[in-house]
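Student: Dropping in input29.txt, with compact mmCIF, C-alpha atoms.
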# COMPACT_ATOMS: atom_id res chain seq x y z
CA MET U 112 42.80 -16.02 3.94
CA THR U 113 42.04 -13.42 6.61
CA ARG U 114 38.47 -13.61 7.90
CA ILE U 115 36.51 -10.49 8.84
CA PHE U 116 33.26 -10.07 10.73
CA SER U 117 31.32 -6.89 11.39
CA GLY U 118 27.71 -5.89 11.80
CA VAL U 119 25.20 -3.09 12.08
CA LYS U 120 22.31 -2.78 14.55
CA PRO U 121 18.82 -2.02 13.19
CA THR U 122 18.04 0.46 15.97
CA GLY U 123 17.55 3.40 13.62
CA HIS U 124 17.99 4.52 10.03
CA LEU U 125 21.60 4.15 8.86
CA THR U 126 23.56 7.39 8.83
CA LEU U 127 26.44 9.04 7.05
CA GLY U 128 28.47 8.15 10.14
CA ASN U 129 27.71 4.45 9.64
CA TYR U 130 28.70 4.71 5.99
CA LEU U 131 31.95 6.64 6.39
CA GLY U 132 32.95 4.95 9.63
CA ALA U 133 32.34 1.37 8.53
CA VAL U 134 30.28 0.47 5.47
CA ARG U 135 32.42 2.17 2.82
CA ARG U 136 35.49 0.32 4.04
CA TRP U 137 33.56 -2.97 3.94
CA VAL U 138 32.62 -2.27 0.33
CA GLU U 139 35.85 -0.82 -1.03
CA VAL U 140 38.42 -2.82 0.92
CA ASP U 141 37.31 -5.63 3.18
CA GLN U 142 35.12 -7.74 0.90
CA HIS U 143 37.90 -7.79 -1.71
CA ARG U 144 40.85 -8.71 0.50
CA ALA U 145 39.37 -11.22 2.92
CA GLU U 146 36.70 -13.79 3.63
CA ALA U 147 34.18 -11.26 4.90
CA LEU U 148 30.94 -11.76 6.83
CA PHE U 149 28.62 -8.83 7.48
CA SER U 150 25.48 -9.11 9.60
CA VAL U 151 22.41 -7.11 10.49
CA VAL U 152 22.66 -7.82 14.22
CA ASP U 153 18.98 -7.65 15.05
CA LEU U 154 19.25 -9.44 18.42
CA HIS U 155 21.20 -6.43 19.69
CA ALA U 156 18.21 -4.20 18.94
CA LEU U 157 16.23 -5.96 21.67
CA THR U 158 18.35 -4.68 24.58
CA VAL U 159 16.20 -1.52 24.94
CA GLU U 160 12.53 -0.62 24.53
CA HIS U 161 11.58 -1.24 20.89
CA ASP U 162 8.68 -1.65 18.50
CA PRO U 163 8.79 -5.17 16.96
CA ALA U 164 7.46 -4.02 13.60
CA ARG U 165 10.04 -1.24 13.45
CA VAL U 166 12.89 -3.65 14.18
CA ARG U 167 11.76 -5.88 11.31
CA ARG U 168 11.39 -2.90 8.98
CA LEU U 169 14.79 -1.44 9.88
CA SER U 170 16.46 -4.84 9.57
CA ARG U 171 15.28 -5.16 5.99
CA GLN U 172 16.18 -1.55 5.26
CA ALA U 173 19.69 -2.02 6.67
CA ALA U 174 20.28 -5.13 4.56
CA THR U 175 18.99 -3.32 1.47
CA LEU U 176 21.23 -0.32 2.14
CA LEU U 177 24.29 -2.53 2.60
CA LEU U 178 23.62 -4.07 -0.80
CA ALA U 179 22.98 -0.62 -2.28
CA ALA U 180 26.27 0.61 -0.87
CA GLY U 181 28.07 -2.10 -2.81
CA LEU U 182 28.35 -5.25 -0.73
CA ASP U 183 28.42 -8.08 -3.28
CA PRO U 184 26.97 -11.47 -2.21
CA LYS U 185 29.43 -13.10 -4.63
CA LEU U 186 32.33 -11.62 -2.64
CA CYS U 187 31.04 -11.63 0.94
CA THR U 188 28.41 -13.17 3.20
CA LEU U 189 25.52 -10.89 4.19
CA PHE U 190 22.95 -12.24 6.65
CA VAL U 191 20.66 -11.44 9.57
CA GLN U 192 22.04 -12.45 12.97
CA SER U 193 18.85 -14.08 14.30
CA HIS U 194 18.74 -16.37 11.26
CA VAL U 195 21.84 -18.19 12.54
CA ASP U 196 21.24 -19.99 15.87
CA GLU U 197 24.96 -20.32 16.62
CA HIS U 198 25.12 -16.71 17.86
CA ALA U 199 22.74 -17.41 20.74
CA ARG U 200 24.22 -20.87 21.39
CA LEU U 201 27.74 -19.53 21.79
CA SER U 202 26.66 -16.45 23.73
CA TYR U 203 25.66 -18.55 26.74
CA LEU U 204 29.02 -20.33 26.84
CA LEU U 205 30.75 -16.95 26.83
CA GLU U 206 28.44 -15.68 29.60
CA CYS U 207 29.83 -18.60 31.59
CA THR U 208 33.32 -17.29 30.80
CA ALA U 209 32.80 -13.55 31.40
CA THR U 210 32.53 -11.85 34.79
CA ASP U 211 29.94 -9.46 36.14
CA GLY U 212 32.62 -6.85 36.87
CA GLU U 213 34.05 -6.64 33.36
CA LEU U 214 30.59 -6.27 31.84
CA ARG U 215 29.60 -3.50 34.23
CA ARG U 216 32.74 -1.61 33.20
CA MET U 217 31.55 -1.35 29.60
CA ILE U 218 31.12 2.33 28.75
CA GLN U 219 28.00 1.82 26.63
CA TYR U 220 26.29 -0.08 29.46
CA LYS U 221 27.00 2.78 31.85
CA GLU U 222 25.68 5.39 29.43
CA LYS U 223 22.59 3.51 28.24
CA SER U 224 21.56 2.30 31.69
CA VAL U 225 21.66 5.88 32.99
CA ARG U 226 19.44 7.02 30.08
CA ALA U 227 17.00 4.15 30.65
CA ARG U 228 16.65 4.95 34.34
CA ALA U 229 16.23 8.66 33.59
CA ALA U 230 13.36 7.75 31.25
CA GLY U 231 11.72 5.72 34.01
CA GLN U 232 12.46 2.42 32.27
CA GLY U 233 13.92 -0.74 33.71
CA VAL U 234 17.42 -1.73 32.61
CA ARG U 235 17.20 -5.01 30.73
CA LEU U 236 19.68 -7.72 31.62
CA SER U 237 20.49 -8.02 27.92
CA LEU U 238 21.88 -4.48 27.98
CA LEU U 239 24.50 -5.73 30.43
CA THR U 240 25.24 -8.96 28.59
CA TYR U 241 25.06 -7.87 24.97
CA PRO U 242 28.85 -7.38 24.69
CA VAL U 243 29.06 -11.13 25.29
CA LEU U 244 26.64 -11.71 22.41
CA MET U 245 28.82 -9.41 20.32
CA ALA U 246 31.81 -11.55 21.28
CA ALA U 247 29.86 -14.63 20.16
CA ASP U 248 29.08 -12.91 16.84
CA ILE U 249 32.80 -12.56 16.22
CA LEU U 250 34.21 -15.74 17.72
CA ALA U 251 31.65 -18.06 16.08
CA TYR U 252 33.31 -17.39 12.74
CA GLY U 253 36.95 -17.51 13.75
CA ALA U 254 37.31 -13.90 12.64
CA ASP U 255 40.81 -12.43 12.52
CA GLU U 256 39.72 -8.81 12.15
CA VAL U 257 36.73 -6.76 13.29
CA PRO U 258 36.30 -3.40 11.52
CA VAL U 259 34.67 -1.14 14.13
CA GLY U 260 34.29 2.47 15.10
CA GLU U 261 36.24 3.90 18.01
CA ASP U 262 33.27 3.49 20.38
CA GLN U 263 33.21 -0.30 19.84
CA THR U 264 36.92 -0.94 20.46
CA GLN U 265 36.27 -1.76 24.13
CA HIS U 266 33.90 -4.55 23.10
CA VAL U 267 36.49 -6.09 20.80
CA GLU U 268 38.98 -6.01 23.67
CA LEU U 269 36.45 -7.91 25.79
CA THR U 270 36.06 -10.41 22.94
CA ARG U 271 39.82 -10.93 22.91
CA ASP U 272 39.88 -11.44 26.68
CA LEU U 273 37.08 -14.01 26.53
CA ALA U 274 38.72 -15.91 23.68
CA VAL U 275 42.04 -16.09 25.53
CA ARG U 276 40.35 -17.13 28.80
CA PHE U 277 38.25 -19.83 27.12
CA ASN U 278 41.29 -21.17 25.27
CA GLN U 279 43.35 -21.31 28.46
CA ARG U 280 40.64 -23.08 30.47
CA TYR U 281 39.24 -25.51 27.92
CA GLY U 282 41.83 -25.88 25.18
CA HIS U 283 42.47 -23.83 22.07
CA THR U 284 39.11 -23.19 20.40
CA PHE U 285 38.86 -19.56 19.27
CA THR U 286 40.88 -17.23 17.09
CA VAL U 287 41.80 -14.08 19.05
CA PRO U 288 40.60 -11.20 16.82
CA ARG U 289 41.82 -7.64 16.53
CA ALA U 290 39.93 -4.40 15.88
CA THR U 291 40.67 -2.37 12.76
CA ARG U 292 39.61 1.23 12.02
CA PRO U 293 39.74 3.46 8.93
CA GLU U 294 42.08 6.42 9.20
CA VAL U 295 39.69 9.23 8.19
CA ALA U 296 36.20 9.88 9.61
CA ALA U 297 36.20 6.75 11.73
CA ARG U 298 33.90 8.61 14.09
CA VAL U 299 31.65 11.15 12.42
CA MET U 300 30.13 13.53 14.93
CA ASP U 301 26.64 15.01 15.20
CA LEU U 302 26.38 18.23 13.19
CA GLN U 303 24.48 19.94 16.04
CA ASP U 304 26.56 18.42 18.84
CA PRO U 305 30.10 17.79 17.57
CA LEU U 306 31.11 16.27 20.91
CA SER U 307 28.71 13.35 20.33
CA LYS U 308 28.90 10.80 17.55
CA MET U 309 26.35 10.79 14.74
CA GLY U 310 24.13 8.01 16.10
CA LYS U 311 21.17 6.25 14.49
CA SER U 312 18.89 6.50 17.48
CA HIS U 313 19.53 10.08 18.61
CA VAL U 314 16.26 11.76 19.59
CA ASN U 315 16.98 14.95 17.63
CA GLY U 316 17.79 14.17 14.00
CA ALA U 317 18.75 17.74 13.04
CA GLY U 318 22.45 16.95 13.27
CA ILE U 319 22.26 13.53 11.63
CA VAL U 320 22.56 12.88 7.91
CA TYR U 321 20.64 9.70 7.12
CA LEU U 322 21.62 7.70 4.05
CA LEU U 323 18.10 8.02 2.66
CA ASP U 324 17.80 11.78 3.23
CA ASP U 325 17.07 13.63 -0.02
CA ALA U 326 19.62 16.08 -1.40
CA GLU U 327 17.94 19.19 -0.05
CA THR U 328 17.68 17.73 3.45
CA VAL U 329 21.38 16.81 3.40
CA ARG U 330 22.33 20.33 2.30
CA ARG U 331 20.13 21.96 4.92
CA LYS U 332 21.57 19.89 7.75
CA ILE U 333 25.18 20.55 6.75
CA MET U 334 24.63 24.27 6.16
CA ARG U 335 23.13 24.52 9.66
CA ALA U 336 25.99 22.61 11.29
CA VAL U 337 27.31 24.07 14.55
CA THR U 338 30.59 25.93 14.17
CA ASP U 339 33.16 27.25 16.63
CA SER U 340 34.13 30.71 17.85
CA GLY U 341 36.89 32.56 16.02
CA ARG U 342 37.44 33.07 12.32
CA ASP U 343 40.61 31.02 11.95
CA LEU U 344 39.96 27.77 10.11
CA GLU U 345 42.31 25.17 11.51
CA TYR U 346 41.96 21.47 12.16
CA ASP U 347 41.74 21.12 15.95
CA ARG U 348 39.47 18.36 17.24
CA ASP U 349 39.69 19.51 20.85
CA GLY U 350 39.61 23.28 20.34
CA LYS U 351 37.29 23.44 17.34
CA PRO U 352 35.26 20.23 17.21
CA GLY U 353 32.55 21.63 14.91
CA LEU U 354 35.07 22.73 12.30
CA ALA U 355 37.05 19.51 12.65
CA ASN U 356 33.90 17.48 12.00
CA LEU U 357 33.15 19.40 8.80
CA LEU U 358 36.74 18.98 7.63
CA ASP U 359 36.61 15.26 8.39
CA LEU U 360 33.40 14.95 6.37
CA MET U 361 34.86 16.88 3.46
CA ALA U 362 38.04 14.82 3.52
CA ALA U 363 36.15 11.54 3.68
CA ALA U 364 33.80 12.51 0.85
CA THR U 365 36.56 13.76 -1.48
CA GLY U 366 39.56 11.67 -0.51
CA GLY U 367 41.40 14.71 0.87
CA ASN U 368 43.28 15.41 4.08
CA PRO U 369 41.43 17.37 6.80
CA GLU U 370 44.51 19.31 7.94
CA ALA U 371 45.33 20.33 4.36
CA LEU U 372 41.71 21.25 3.61
CA ALA U 373 41.70 23.65 6.56
CA GLY U 374 44.17 25.83 4.66
CA VAL U 375 42.02 25.95 1.54
CA TYR U 376 39.00 27.71 3.03
CA GLU U 377 38.63 31.24 4.33
CA SER U 378 35.07 31.01 5.65
CA TYR U 379 32.73 28.53 7.25
CA GLY U 380 30.11 29.26 4.58
CA SER U 381 32.26 28.12 1.66
CA LEU U 382 33.41 25.02 3.56
CA LYS U 383 29.82 24.08 4.42
CA LYS U 384 28.64 24.57 0.84
CA ASP U 385 31.41 22.41 -0.63
CA THR U 386 30.97 19.77 2.07
CA ALA U 387 27.22 19.63 1.41
CA ASP U 388 27.79 19.26 -2.35
CA ALA U 389 30.38 16.53 -1.80
CA VAL U 390 28.16 14.55 0.58
CA VAL U 391 25.13 14.82 -1.71
CA GLU U 392 27.16 13.45 -4.61
CA LEU U 393 28.64 10.72 -2.42
CA LEU U 394 25.19 9.45 -1.40
CA ARG U 395 23.39 9.90 -4.74
CA PRO U 396 24.27 6.50 -6.31
CA LEU U 397 23.56 4.71 -3.02
CA ARG U 398 20.04 6.17 -2.79
CA GLU U 399 19.35 5.35 -6.43
CA ARG U 400 20.46 1.73 -6.01
CA HIS U 401 18.44 1.43 -2.78
CA ALA U 402 15.28 2.44 -4.65
CA GLU U 403 15.92 -0.31 -7.22
CA LEU U 404 16.50 -2.98 -4.57
CA ALA U 405 13.53 -1.88 -2.44
CA ALA U 406 11.32 -2.48 -5.47
CA ASP U 407 12.50 -6.13 -5.57
CA PRO U 408 12.25 -7.41 -1.95
CA GLY U 409 12.32 -11.02 -3.11
CA HIS U 410 15.90 -10.56 -4.29
CA VAL U 411 16.96 -9.15 -0.92
CA ASP U 412 15.23 -12.04 0.88
CA GLN U 413 17.10 -14.56 -1.26
CA VAL U 414 20.44 -12.88 -0.57
CA LEU U 415 19.75 -13.08 3.17
CA ARG U 416 18.67 -16.73 2.99
CA ASP U 417 21.79 -17.69 1.07
CA GLY U 418 23.95 -15.65 3.43
CA ALA U 419 22.47 -17.28 6.53
CA GLU U 420 23.07 -20.74 5.08
CA ARG U 421 26.74 -19.94 4.37
CA ALA U 422 27.19 -18.32 7.79
CA ARG U 423 25.62 -21.31 9.51
CA GLY U 424 27.94 -23.67 7.68
CA THR U 425 30.94 -21.69 8.90
CA ALA U 426 29.83 -21.19 12.51
CA ARG U 427 28.27 -24.53 13.43
CA PRO U 428 31.43 -26.71 13.47
CA LEU U 429 33.30 -24.17 15.60
CA VAL U 430 30.44 -23.71 18.08
CA ASP U 431 29.97 -27.47 18.32
CA ARG U 432 33.66 -27.74 19.15
CA ALA U 433 33.26 -25.11 21.88
CA TYR U 434 30.34 -27.10 23.37
CA ARG U 435 32.51 -30.20 23.58
CA ALA U 436 35.48 -28.25 24.98
CA ILE U 437 33.51 -26.72 27.85
CA GLY U 438 32.16 -30.11 28.91
CA LEU U 439 28.73 -30.51 27.31
CA LEU U 440 27.61 -33.96 26.18
CA PRO U 441 27.32 -34.14 22.38
CA ALA U 442 23.85 -34.71 20.93
CA GLY U 443 23.19 -38.18 19.56
Would you mind writing the file out in structure tokens?

Tutor:
Amino acid sequence: MTRIFSGVKPTGHLTLGNYLGAVRRWVEVDQHRAEALFSVVDLHALTVEHDPARVRRLSRQAATLLLAAGLDPKLCTLFVQSHVDEHARLSYLLECTATDGELRRMIQYKEKSVRARAAGQGVRLSLLTYPVLMAADILAYGADEVPVGEDQTQHVELTRDLAVRFNQRYGHTFTVPRATRPEVAARVMDLQDPLSKMGKSHVNGAGIVYLLDDAETVRRKIMRAVTDSGRDLEYDRDGKPGLANLLDLMAAATGGNPEALAGVYESYGSLKKDTADAVVELLRPLRERHAELAADPGHVDQVLRDGAERARGTARPLVDRAYRAIGLLPAG
């Protein structure tokens, strides 16, 4: 059976972009067709300045939201990354396989290091090396597929390169994975800045729909979405990014086609209203289920304990094999 791995960082509250770009596919497709592992990758949240209590709180919230969205522990493995030591164990072996140059070429490192310096902060070494940890997340499980957004494709390519290089140097050890992406709304953009993706940790949340936003907040944000000049409503990501983003949202929420939807509407106002209504209805059952799960934290804890145990059982033999392959003396 095909094996899938993907994860979400607890660096902010999960957004509509996270749901449409990744989580919905995990729920509706991936957990049913493959041996699927999904992780709250909390170690990745430590690459920048952070509040420890907030990381813990957001890690639990992310796990709860993934369950609320429909991930079923009977069908998939849901766990917290730091609960499985094999991620950190394998990461060092892959650091010994990667090069400084290929890590410094990572787009996210370039962008985040510039922001850190502009804020007067030091750039943590982990910000440079975290794509290697991401590679370890994937390779530890022998994953065939990695469902990711467009902005993470470069990291999966690095993972592939490291797997091939390790296999060539030390003998076949790792499966070489491939990235997969949903066709519609793979990259939902910020409603106030449609040239930037809808990110969890953006300073200004006015253009971000969070999964736990109430209905009125969702409507307000969508109705205030930035639009483009000209009255013609046509799907043009380059020429009319604001309109294209709204059409992508509408299509993703209703199962429609963004190009076809462009011909249905004659005004931005009517498109925004229908998009807001569709998104509110899309998120309503998720918020209701989240409230139920949040009231029973013991259940969520048990799911995560069971998931970590299963994940550990899958990863440990492969990582042990990698340790032997690279030349490390087995423990007694």

Student: Taking into account only C-alpha atoms, which residue in the set U:Lys351, U:Tyr252, U:Met334, U:Cys187 is nearest to Thr284 (chain U)?

Tutor: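 Of all the options, U:Tyr252 lies closest to Thr284 (chain U).
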
Student: Closest to Leu238 (chain U) among U:His155, U:Lys120, U:His161, U:Arg423, using all atoms listed in the file?

Tutor: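 Smallest distance to Leu238 (chain U) is found for U:His155.
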
Student: One decimal, in Å: what's the spacing between CA of Leu382 (chain U) and CA of Arg348 (chain U)?

Tutor: 16.4 Å

Student: Near region 398-411 of chain U, counting all atoms listed in the file, which residues have an atom at most 12 Å away, once you skip same-chain residues fewer than 5 positions from it, shown as a PyMOL selection string?

Tutor: chain U and resi 125+168+170-184+189-191+321-326+391-393+416-418

Student: State, in Å with one decimal place, the distance from CA of Leu269 (chain U) to CA of Lys308 (chain U).

Tutor: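 Atom-to-atom, CA of Leu269 (chain U) to CA of Lys308 (chain U), that is 21.8 Å.
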
Student: Rounded to one decimal place, report the CA of Val414 (chain U)-CA of Ala251 (chain U) distance in Å.

Tutor: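 Result for CA of Val414 (chain U) versus CA of Ala251 (chain U): 20.7 Å, one decimal.
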
Student: Nearest residue to Val320 (chain U) out of U:Arg335, U:Arg167, U:Arg280, U:Lys384, using all atoms listed in the file?

Tutor: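 Under the stated criterion, the closest residue is U:Arg335.
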
Student: Neighbours of Ala133 (chain U) within 12 Å (all atoms listed in the file; same-chain residues fewer than 2 positions away dropped), as a PyMOL selection string?

Tutor: chain U and resi 116-119+125-131+135-141+149+177+180+257-261+263+291-299+363

Student: Could you please give me, as a PyMOL selection string, the residues of protein, DNA or RNA lying at most 6 Å from (36.9, -20.2, 17.2) in the coordinate frame of the file, considering only C-alpha atoms?

Tutor: chain U and resi 250-251+253+284-286+429
